[in-house]
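Next comes target.txt, with compact mmCIF, C-alpha atoms and all ligand atoms.
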```
# COMPACT_ATOMS: atom_id res chain seq x y z
CA MET A 1 -15.02 -2.50 21.36
CA ASN A 2 -18.81 -2.37 21.09
CA TYR A 3 -21.21 0.51 20.31
CA PRO A 4 -22.51 1.01 22.89
CA LEU A 5 -20.71 -1.50 25.12
CA ASP A 6 -23.93 -2.78 26.65
CA TYR A 7 -25.91 -3.19 23.40
CA ASP A 8 -28.13 -6.25 23.47
CA PRO A 9 -30.16 -6.69 20.24
CA PRO A 10 -33.90 -6.41 20.96
CA LYS A 11 -36.27 -9.14 19.82
CA ILE A 12 -37.39 -7.05 16.84
CA TRP A 13 -35.15 -4.56 15.04
CA LYS A 14 -36.58 -1.05 14.61
CA TRP A 15 -35.52 1.64 12.13
CA GLU A 16 -34.26 4.76 13.87
CA ASP A 17 -33.79 7.18 11.01
CA GLU A 18 -30.88 9.10 12.53
CA ASN A 19 -28.00 6.78 13.40
CA GLY A 20 -25.31 9.43 12.93
CA GLY A 21 -23.50 7.66 10.07
CA ALA A 22 -22.38 9.60 7.00
CA PHE A 23 -25.28 8.25 4.89
CA ALA A 24 -27.91 8.17 7.63
CA SER A 25 -30.13 10.70 5.88
CA ILE A 26 -30.42 8.66 2.66
CA ASN A 27 -30.37 5.07 3.92
CA ARG A 28 -33.77 3.42 4.48
CA PRO A 29 -34.89 -0.18 5.03
CA ILE A 30 -37.50 0.09 2.26
CA ALA A 31 -37.16 0.01 -1.52
CA GLY A 32 -39.04 2.05 -4.13
CA SER A 33 -39.06 5.68 -5.16
CA THR A 34 -39.47 8.57 -2.74
CA HIS A 35 -40.36 11.24 -5.30
CA ASP A 36 -41.30 11.80 -8.94
CA LYS A 37 -38.34 12.73 -11.05
CA THR A 38 -37.99 12.68 -14.82
CA LEU A 39 -34.47 11.92 -15.98
CA PRO A 40 -32.91 13.92 -18.82
CA ILE A 41 -32.19 12.19 -22.16
CA GLY A 42 -29.35 13.28 -24.44
CA GLN A 43 -28.66 12.60 -28.09
CA HIS A 44 -26.48 9.47 -27.87
CA PRO A 45 -27.54 5.80 -27.98
CA PHE A 46 -26.42 5.24 -24.39
CA GLN A 47 -27.74 7.22 -21.43
CA LEU A 48 -25.79 6.66 -18.24
CA TYR A 49 -27.15 7.85 -14.88
CA SER A 50 -24.34 7.74 -12.39
CA GLN A 51 -21.88 9.40 -10.05
CA GLY A 52 -18.08 9.24 -10.17
CA THR A 53 -17.71 6.70 -7.35
CA PRO A 54 -15.62 3.54 -7.89
CA ASN A 55 -18.70 1.64 -9.16
CA GLY A 56 -19.69 4.59 -11.33
CA ILE A 57 -16.30 5.09 -12.99
CA LYS A 58 -16.07 1.42 -14.00
CA VAL A 59 -18.70 2.25 -16.62
CA THR A 60 -17.32 5.59 -17.80
CA ILE A 61 -13.86 4.00 -18.14
CA MET A 62 -15.47 1.20 -20.19
CA PHE A 63 -17.19 3.68 -22.54
CA GLU A 64 -13.97 5.67 -22.94
CA GLU A 65 -12.04 2.44 -23.70
CA LEU A 66 -14.64 1.45 -26.33
CA LEU A 67 -14.41 4.88 -27.96
CA GLU A 68 -10.61 4.70 -27.82
CA ILE A 69 -10.73 1.33 -29.64
CA GLY A 70 -12.77 3.05 -32.36
CA HIS A 71 -16.37 2.08 -31.57
CA SER A 72 -17.90 5.43 -32.42
CA ASP A 73 -21.38 3.99 -31.80
CA ALA A 74 -20.45 3.69 -28.10
CA GLU A 75 -21.07 7.43 -27.69
CA TYR A 76 -22.87 8.21 -24.48
CA ASP A 77 -24.30 10.88 -22.26
CA ALA A 78 -23.33 10.58 -18.59
CA TRP A 79 -25.72 12.38 -16.25
CA LEU A 80 -24.99 13.02 -12.60
CA VAL A 81 -27.27 11.31 -10.08
CA SER A 82 -26.25 12.75 -6.73
CA ILE A 83 -26.54 9.93 -4.20
CA SER A 84 -25.95 12.23 -1.22
CA LYS A 85 -29.06 14.18 -2.32
CA GLY A 86 -31.08 10.95 -2.61
CA GLU A 87 -31.54 11.24 -6.41
CA GLN A 88 -31.22 7.44 -6.71
CA PHE A 89 -34.72 7.29 -5.22
CA GLY A 90 -36.33 9.37 -8.00
CA SER A 91 -39.12 7.59 -9.95
CA ASP A 92 -37.40 7.39 -13.36
CA PHE A 93 -34.16 6.17 -11.80
CA VAL A 94 -35.92 3.46 -9.81
CA ASN A 95 -37.60 2.29 -13.03
CA ILE A 96 -34.11 1.69 -14.46
CA ASN A 97 -32.63 0.26 -11.27
CA PRO A 98 -35.15 -1.00 -8.69
CA ASN A 99 -32.18 -1.36 -6.32
CA SER A 100 -31.64 2.46 -6.28
CA LYS A 101 -27.88 2.40 -6.74
CA ILE A 102 -25.73 4.02 -9.36
CA PRO A 103 -24.62 3.21 -12.07
CA ALA A 104 -27.69 2.61 -14.24
CA LEU A 105 -27.79 2.55 -18.03
CA LEU A 106 -30.41 2.86 -20.76
CA ASP A 107 -29.51 1.54 -24.20
CA TYR A 108 -31.61 3.20 -26.91
CA SER A 109 -29.73 1.59 -29.80
CA GLY A 110 -32.34 -1.16 -30.41
CA ASP A 111 -36.09 -1.11 -31.11
CA GLU A 112 -36.93 -0.65 -27.45
CA PRO A 113 -34.86 1.04 -24.74
CA LYS A 114 -33.10 -1.60 -22.65
CA ARG A 115 -32.21 -1.07 -18.99
CA VAL A 116 -28.97 -2.41 -17.54
CA PHE A 117 -28.06 -2.11 -13.87
CA GLU A 118 -25.26 -3.47 -11.62
CA SER A 119 -21.83 -2.27 -12.73
CA GLY A 120 -20.61 -5.82 -13.48
CA ALA A 121 -23.66 -6.54 -15.64
CA ILE A 122 -23.13 -3.24 -17.49
CA LEU A 123 -19.48 -4.10 -18.22
CA LEU A 124 -20.44 -7.54 -19.49
CA TYR A 125 -23.33 -6.15 -21.56
CA LEU A 126 -21.13 -3.56 -23.28
CA ALA A 127 -18.24 -6.00 -23.79
CA GLU A 128 -20.56 -8.47 -25.51
CA LYS A 129 -22.36 -5.81 -27.50
CA PHE A 130 -19.11 -4.39 -28.90
CA ASN A 131 -17.19 -7.66 -28.88
CA SER A 132 -14.35 -5.94 -27.03
CA LEU A 133 -12.39 -6.29 -23.80
CA LEU A 134 -13.80 -9.80 -23.25
CA PRO A 135 -11.86 -12.53 -25.04
CA THR A 136 -13.93 -15.16 -26.81
CA GLN A 137 -11.63 -18.20 -26.24
CA ASP A 138 -13.43 -20.27 -23.66
CA ASN A 139 -10.67 -20.44 -21.03
CA ARG A 140 -9.91 -16.71 -21.23
CA ARG A 141 -13.56 -15.70 -21.16
CA THR A 142 -14.13 -17.91 -18.12
CA GLU A 143 -11.13 -16.37 -16.38
CA VAL A 144 -12.47 -12.85 -17.02
CA LEU A 145 -15.82 -13.85 -15.55
CA ASN A 146 -14.07 -15.43 -12.54
CA TRP A 147 -12.40 -12.11 -11.75
CA LEU A 148 -15.40 -9.96 -12.61
CA PHE A 149 -17.53 -11.93 -10.16
CA TRP A 150 -14.67 -11.97 -7.64
CA GLN A 151 -14.62 -8.19 -7.72
CA MET A 152 -18.39 -7.81 -7.45
CA SER A 153 -18.60 -10.12 -4.45
CA SER A 154 -15.37 -9.13 -2.68
CA THR A 155 -15.62 -5.35 -2.89
CA PRO A 156 -18.51 -4.93 -0.46
CA TYR A 157 -15.97 -5.99 2.21
CA LEU A 158 -13.77 -3.11 1.08
CA GLY A 159 -16.51 -0.48 0.59
CA GLY A 160 -19.38 -1.49 2.84
CA GLY A 161 -17.08 -3.04 5.44
CA PHE A 162 -13.66 -1.41 5.67
CA GLY A 163 -14.53 1.98 4.10
CA HIS A 164 -17.71 2.29 6.11
CA PHE A 165 -16.17 1.57 9.50
CA TYR A 166 -12.79 3.28 8.88
CA VAL A 167 -14.24 6.49 7.41
CA TYR A 168 -18.02 6.89 7.60
CA ALA A 169 -19.27 5.31 10.84
CA PRO A 170 -19.98 7.78 13.67
CA VAL A 171 -17.62 5.91 16.02
CA LYS A 172 -14.42 3.99 15.34
CA ILE A 173 -15.18 0.42 16.36
CA GLN A 174 -11.96 -1.55 16.62
CA TYR A 175 -13.64 -4.93 16.18
CA ALA A 176 -15.20 -3.88 12.85
CA ILE A 177 -12.10 -2.09 11.57
CA ASP A 178 -9.88 -5.08 12.47
CA ARG A 179 -12.25 -7.54 10.84
CA TYR A 180 -12.46 -5.68 7.53
CA SER A 181 -8.81 -4.56 7.44
CA MET A 182 -7.82 -8.21 7.72
CA GLU A 183 -10.13 -9.18 4.87
CA VAL A 184 -9.08 -6.30 2.61
CA LYS A 185 -5.39 -7.08 3.16
CA ARG A 186 -6.11 -10.71 2.31
CA GLN A 187 -7.86 -9.60 -0.90
CA LEU A 188 -4.90 -7.36 -1.80
CA ASP A 189 -2.62 -10.35 -1.25
CA VAL A 190 -4.83 -12.45 -3.57
CA LEU A 191 -4.41 -9.81 -6.28
CA ASP A 192 -0.70 -9.36 -5.58
CA ARG A 193 0.03 -13.07 -5.98
CA GLU A 194 -1.95 -13.22 -9.23
CA LEU A 195 -0.32 -10.11 -10.63
CA SER A 196 3.16 -11.42 -9.78
CA LYS A 197 2.69 -13.86 -12.68
CA LYS A 198 0.80 -11.68 -15.13
CA GLU A 199 0.71 -8.20 -16.60
CA PHE A 200 -3.06 -7.91 -16.34
CA ILE A 201 -5.46 -9.84 -14.17
CA ILE A 202 -6.11 -12.65 -16.67
CA GLY A 203 -2.69 -12.60 -18.33
CA ASP A 204 -1.32 -10.53 -21.19
CA GLU A 205 -4.68 -9.03 -22.11
CA TYR A 206 -6.46 -6.00 -20.64
CA THR A 207 -10.13 -6.85 -20.07
CA ILE A 208 -13.29 -5.82 -18.24
CA ALA A 209 -11.88 -7.71 -15.23
CA ASP A 210 -9.14 -5.06 -14.90
CA ILE A 211 -11.70 -2.30 -15.50
CA SER A 212 -13.86 -3.59 -12.66
CA ILE A 213 -11.01 -4.08 -10.16
CA TRP A 214 -8.96 -0.91 -10.72
CA PRO A 215 -11.45 1.69 -9.41
CA TRP A 216 -11.48 -0.08 -6.03
CA TYR A 217 -8.23 -1.92 -5.37
CA GLY A 218 -6.09 0.04 -7.86
CA ARG A 219 -7.15 3.37 -6.42
CA LEU A 220 -6.77 1.99 -2.88
CA VAL A 221 -3.08 1.14 -3.39
CA LEU A 222 -2.52 4.46 -5.15
CA GLY A 223 -3.74 6.20 -1.98
CA GLN A 224 -6.90 7.51 -3.67
CA GLN A 225 -9.45 5.60 -1.63
CA TYR A 226 -10.33 6.16 2.06
CA GLY A 227 -6.94 7.79 2.80
CA ALA A 228 -5.91 4.33 4.00
CA ALA A 229 -2.62 3.79 2.16
CA ASP A 230 -0.48 3.90 5.32
CA PHE A 231 -3.02 2.22 7.56
CA LEU A 232 -3.22 -0.81 5.25
CA GLN A 233 0.48 -0.59 4.30
CA VAL A 234 -0.45 -0.83 0.62
CA SER A 235 3.17 -0.37 -0.50
CA GLU A 236 3.67 -4.06 0.40
CA TYR A 237 1.63 -5.03 -2.64
CA HIS A 238 4.26 -4.30 -5.30
CA ASN A 239 2.53 -6.15 -8.11
CA VAL A 240 -0.83 -4.50 -7.48
CA LEU A 241 0.91 -1.11 -7.42
CA ARG A 242 2.72 -1.80 -10.69
CA TRP A 243 -0.56 -2.84 -12.36
CA ALA A 244 -2.49 0.09 -10.85
CA LYS A 245 0.04 2.60 -12.21
CA ILE A 246 -0.10 1.09 -15.71
CA LEU A 247 -3.88 1.40 -15.75
CA SER A 248 -3.82 4.95 -14.36
CA ALA A 249 -1.74 6.04 -17.34
CA ARG A 250 -4.27 4.78 -19.91
CA PRO A 251 -5.98 7.76 -21.57
CA ALA A 252 -9.42 6.13 -21.28
CA VAL A 253 -8.93 5.51 -17.56
CA MET A 254 -7.74 9.10 -17.09
CA ARG A 255 -10.87 10.40 -18.80
CA GLY A 256 -13.32 7.88 -17.35
CA GLU A 257 -12.40 8.54 -13.74
CA ARG A 258 -13.13 12.26 -14.09
CA ILE A 259 -16.77 11.96 -15.01
CA ASN A 260 -19.83 12.76 -12.89
CA ARG A 261 -17.77 14.33 -10.13
CA LYS A 262 -17.69 17.79 -8.64
CA SER A 263 -14.40 19.72 -9.07
CA LYS A 264 -12.81 20.72 -5.76
CA ILE A 265 -10.30 22.71 -7.77
CA PRO A 266 -11.37 24.21 -11.13
CA ASN A 267 -11.21 22.02 -14.28
CA GLN A 268 -10.50 18.81 -12.38
CA TYR A 269 -13.68 16.83 -13.10
CA LEU A 270 -16.79 16.86 -15.32
CA LEU A 271 -20.21 16.95 -13.66
CA GLU A 272 -21.70 15.57 -16.89
CA ARG A 273 -20.20 14.17 -20.06
CA HIS A 274 -21.89 14.54 -23.46
CA SER A 275 -19.04 14.67 -25.95
CA SER A 276 -15.34 13.87 -26.21
CA SER A 277 -14.77 17.61 -26.56
CA ASP A 278 -15.96 18.09 -22.95
CA PHE A 279 -12.53 16.91 -21.80
CA GLU A 280 -10.82 19.86 -23.48
CA ALA A 281 -11.86 21.95 -20.47
CA LEU A 282 -9.98 19.67 -18.05
CA ASP A 283 -6.47 20.02 -16.77
CA PHE A 284 -4.78 16.59 -17.00
CA GLY A 285 -1.54 17.98 -15.65
CA THR A 286 0.44 16.85 -18.72
N1 LIG B 301 -23.36 -3.82 -6.75
C1 LIG B 301 -23.70 -2.52 -7.21
C2 LIG B 301 -23.35 -1.52 -6.13
C3 LIG B 301 -23.70 -0.11 -6.53
C4 LIG B 301 -23.54 0.84 -5.37
O1 LIG B 301 -23.36 0.44 -4.20
N2 LIG B 301 -23.60 2.13 -5.67
C5 LIG B 301 -23.48 3.13 -4.62
C6 LIG B 301 -22.41 4.15 -5.00
S1 LIG B 301 -20.84 3.37 -5.23
C7 LIG B 301 -24.81 3.86 -4.47
O2 LIG B 301 -25.50 4.12 -5.43
N3 LIG B 301 -25.16 4.18 -3.22
C8 LIG B 301 -26.35 4.90 -2.94
C9 LIG B 301 -27.17 4.28 -1.84
O3 LIG B 301 -26.73 3.28 -1.27
O4 LIG B 301 -28.26 4.80 -1.57
C10 LIG B 301 -22.92 -2.20 -8.50
O5 LIG B 301 -21.78 -2.61 -8.59
O6 LIG B 301 -23.49 -1.54 -9.40
```
In structure tokens, write the structure found in this file.
Ligand SMILES: N[C@@H](CCC(=O)N[C@@H](CS)C(=O)NCC(=O)O)C(=O)O
Amino acid sequence: MNYPLDYDPPKIWKWEDENGGAFASINRPIAGSTHDKTLPIGQHPFQLYSQGTPNGIKVTIMFEELLEIGHSDAEYDAWLVSISKGEQFGSDFVNINPNSKIPALLDYSGDEPKRVFESGAILLYLAEKFNSLLPTQDNRRTEVLNWLFWQMSSTPYLGGGFGHFYVYAPVKIQYAIDRYSMEVKRQLDVLDRELSKKEFIIGDEYTIADISIWPWYGRLVLGQQYGAADFLQVSEYHNVLRWAKILSARPAVMRGERINRKSKIPNQYLLERHSSSDFEALDFGT
């Protein structure tokens, strides 16, 4: 169950830069930039530096929803920051997000460019700026924030815990996989019970809470995350599945989840997004 079985932590931990994990070459125990890198700037008020991971697509889905609602001033350029190539450690990127994680946003619409990092903070910032997808009635707003913060604090168990040990770790450690499978199934049950009473996570209204949860738990139950649908028996979570399918069919979700990703088959994804006409090149299978 252990790795290795006789591991006894030394008095002082030391960084061994090759641990064999999928991200060993980019993970480091120190912050800051590793190289000078100027980021490109497009013509729109919002410049997003990201990759089409679950945290990344929360923001592109949000922009596409805002545009769909009719906020034409939510136009944005989405540039690819390849995390497997270590581009999150470039100097300009680190100036936007000192934590070196995608997504990171620059808002040029005011007098001074404003930086926004952390996907939850970006969703909240945009929702408040455009007065959309975040209800203003006190009890509803509070409920959205409850779920937004639930997602931000729960998901590291899914990504950094379950996903890491089930898919990326160099050895399959039963103790770790059991621990995080149990927690992720509990989280799915939390969502399933909530969604048994409501259409969307806070009730009858689609909000940034749904936008933050879908890329992780929605895609997990749809079998699009970690190839773990059978392992976690996601079909048990009928209400989560119903909700996930409704969101998947939203045009803004369909567009947003295809941004800043490399196409394995032609015309599947956009490496960068600069205009709504970019999607004309994609095959949505409709
Ligand atoms: N809490 C952060 C997490 C962001 C995050 O973990 N991003 C990952 C991709 S999903 C990343 O940039 N990883 C690169 C790295 O760890 O070096 C958020 O929600 O924005």
Could you please extract the residues within 7 Å of ligand LIG 301 (chain B), counting all atoms listed in the file, and hand them back as a PDB file with C-alpha atoms, in the coordinates of the input?
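Produced file selection-v5.pdb, reproduced below:
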```pdb
ATOM      1  CA  ILE A  26     -30.420   8.660   2.660  1.00  0.00           C
ATOM      2  CA  ASN A  27     -30.370   5.070   3.920  1.00  0.00           C
ATOM      3  CA  THR A  53     -17.710   6.700  -7.350  1.00  0.00           C
ATOM      4  CA  PRO A  54     -15.620   3.540  -7.890  1.00  0.00           C
ATOM      5  CA  ASN A  55     -18.700   1.640  -9.160  1.00  0.00           C
ATOM      6  CA  GLY A  56     -19.690   4.590 -11.330  1.00  0.00           C
ATOM      7  CA  ILE A  83     -26.540   9.930  -4.200  1.00  0.00           C
ATOM      8  CA  GLY A  86     -31.080  10.950  -2.610  1.00  0.00           C
ATOM      9  CA  GLN A  88     -31.220   7.440  -6.710  1.00  0.00           C
ATOM     10  CA  SER A 100     -31.640   2.460  -6.280  1.00  0.00           C
ATOM     11  CA  LYS A 101     -27.880   2.400  -6.740  1.00  0.00           C
ATOM     12  CA  ILE A 102     -25.730   4.020  -9.360  1.00  0.00           C
ATOM     13  CA  PRO A 103     -24.620   3.210 -12.070  1.00  0.00           C
ATOM     14  CA  PHE A 117     -28.060  -2.110 -13.870  1.00  0.00           C
ATOM     15  CA  GLU A 118     -25.260  -3.470 -11.620  1.00  0.00           C
ATOM     16  CA  SER A 119     -21.830  -2.270 -12.730  1.00  0.00           C
ATOM     17  CA  GLY A 120     -20.610  -5.820 -13.480  1.00  0.00           C
ATOM     18  CA  MET A 152     -18.390  -7.810  -7.450  1.00  0.00           C
TER      19      MET A 152
END
```
With all atoms listed in the file counted, which protein, DNA or RNA residues have an atom no more than 8 Å from (-34.0, 0.3, 11.7) in the file frame? Please answer as a ChimeraX atom specification.
-> /A:13-17,28-29
Within 12 Å of A:Tyr157, counting all atoms listed in the file, which residues qualify if same-chain residues fewer than 4 places away don't, as a list in words?
-> Trp150, Gln151, Met152, Ser153, Gly161, Phe162, Gly163, His164, Phe165, Tyr166, Ala176, Ile177, Asp178, Arg179, Tyr180, Ser181, Met182, Glu183, Val184, Lys185, Arg186, Gln187, Leu188, Trp216 and Tyr217 of chain A
Do a neighbour search on A:Ala121 at 12 Å with all atoms listed in the file, toss out local chain neighbours closer than 4 positions, and write the hits as a list of chain:residue names.
-> A:Asn55, A:Lys58, A:Val59, A:Pro103, A:Ala104, A:Leu105, A:Arg115, A:Val116, A:Phe117, A:Tyr125, A:Leu126, A:Ala127, A:Glu128, A:Lys129, A:Leu145, A:Leu148, A:Phe149, A:Met152, A:Ile208, A:Ala209, A:Ser212
Set out as JSON lines a contact list for stretch 245-285 of chain A and stretch 218-235 of chain A with a cut-off of 10 Å, giving each residue of stretch 245-285 of chain A that qualifies its closest atom pair and distance in Å to one decimal, counting only C-alpha atoms, ordered by chain and rising residue number.
```
{"residue": "A:Lys245", "atom": "CA", "partner": "A:Leu222", "partner_atom": "CA", "distance": 7.7}
{"residue": "A:Ile246", "atom": "CA", "partner": "A:Gly218", "partner_atom": "CA", "distance": 9.9}
{"residue": "A:Leu247", "atom": "CA", "partner": "A:Gly218", "partner_atom": "CA", "distance": 8.3}
{"residue": "A:Ser248", "atom": "CA", "partner": "A:Gly218", "partner_atom": "CA", "distance": 8.5}
```
Save out the residues we just selected, C-alpha atoms, as a tab-separated table (two decimals), in the frame of the given file.
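Contents of out-v9.tsv, freshly written:
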```tsv
chain	number	residue	atom	x	y	z
A	245	LYS	CA	0.04	2.60	-12.21
A	246	ILE	CA	-0.10	1.09	-15.71
A	247	LEU	CA	-3.88	1.40	-15.75
A	248	SER	CA	-3.82	4.95	-14.36
```
Spatial neighbours of A:Gln47, max dist 6 Å, all atoms listed in the file, sep filter under 4 positions, as a CSV table (one decimal) with C-alpha atoms, in the frame of the given file:
```
chain,number,residue,atom,x,y,z
A,76,TYR,CA,-22.9,8.2,-24.5
A,77,ASP,CA,-24.3,10.9,-22.3
A,105,LEU,CA,-27.8,2.6,-18.0
A,106,LEU,CA,-30.4,2.9,-20.8
```
Exercise on stretch 46-58 of chain A, axis-aligned box with 3 Å per side, report centre and edge lengths in Å to one decimal, as JSON:
```
{"center_x": -21.7, "center_y": 5.4, "center_z": -15.9, "size_x": 18.1, "size_y": 14.0, "size_z": 23.0}
```
Would you mind reading off the distance between atom CA of A:Ser91 and atom CA of A:Asn260, one decimal, in Å?
->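 So the answer is 20.2 Å.
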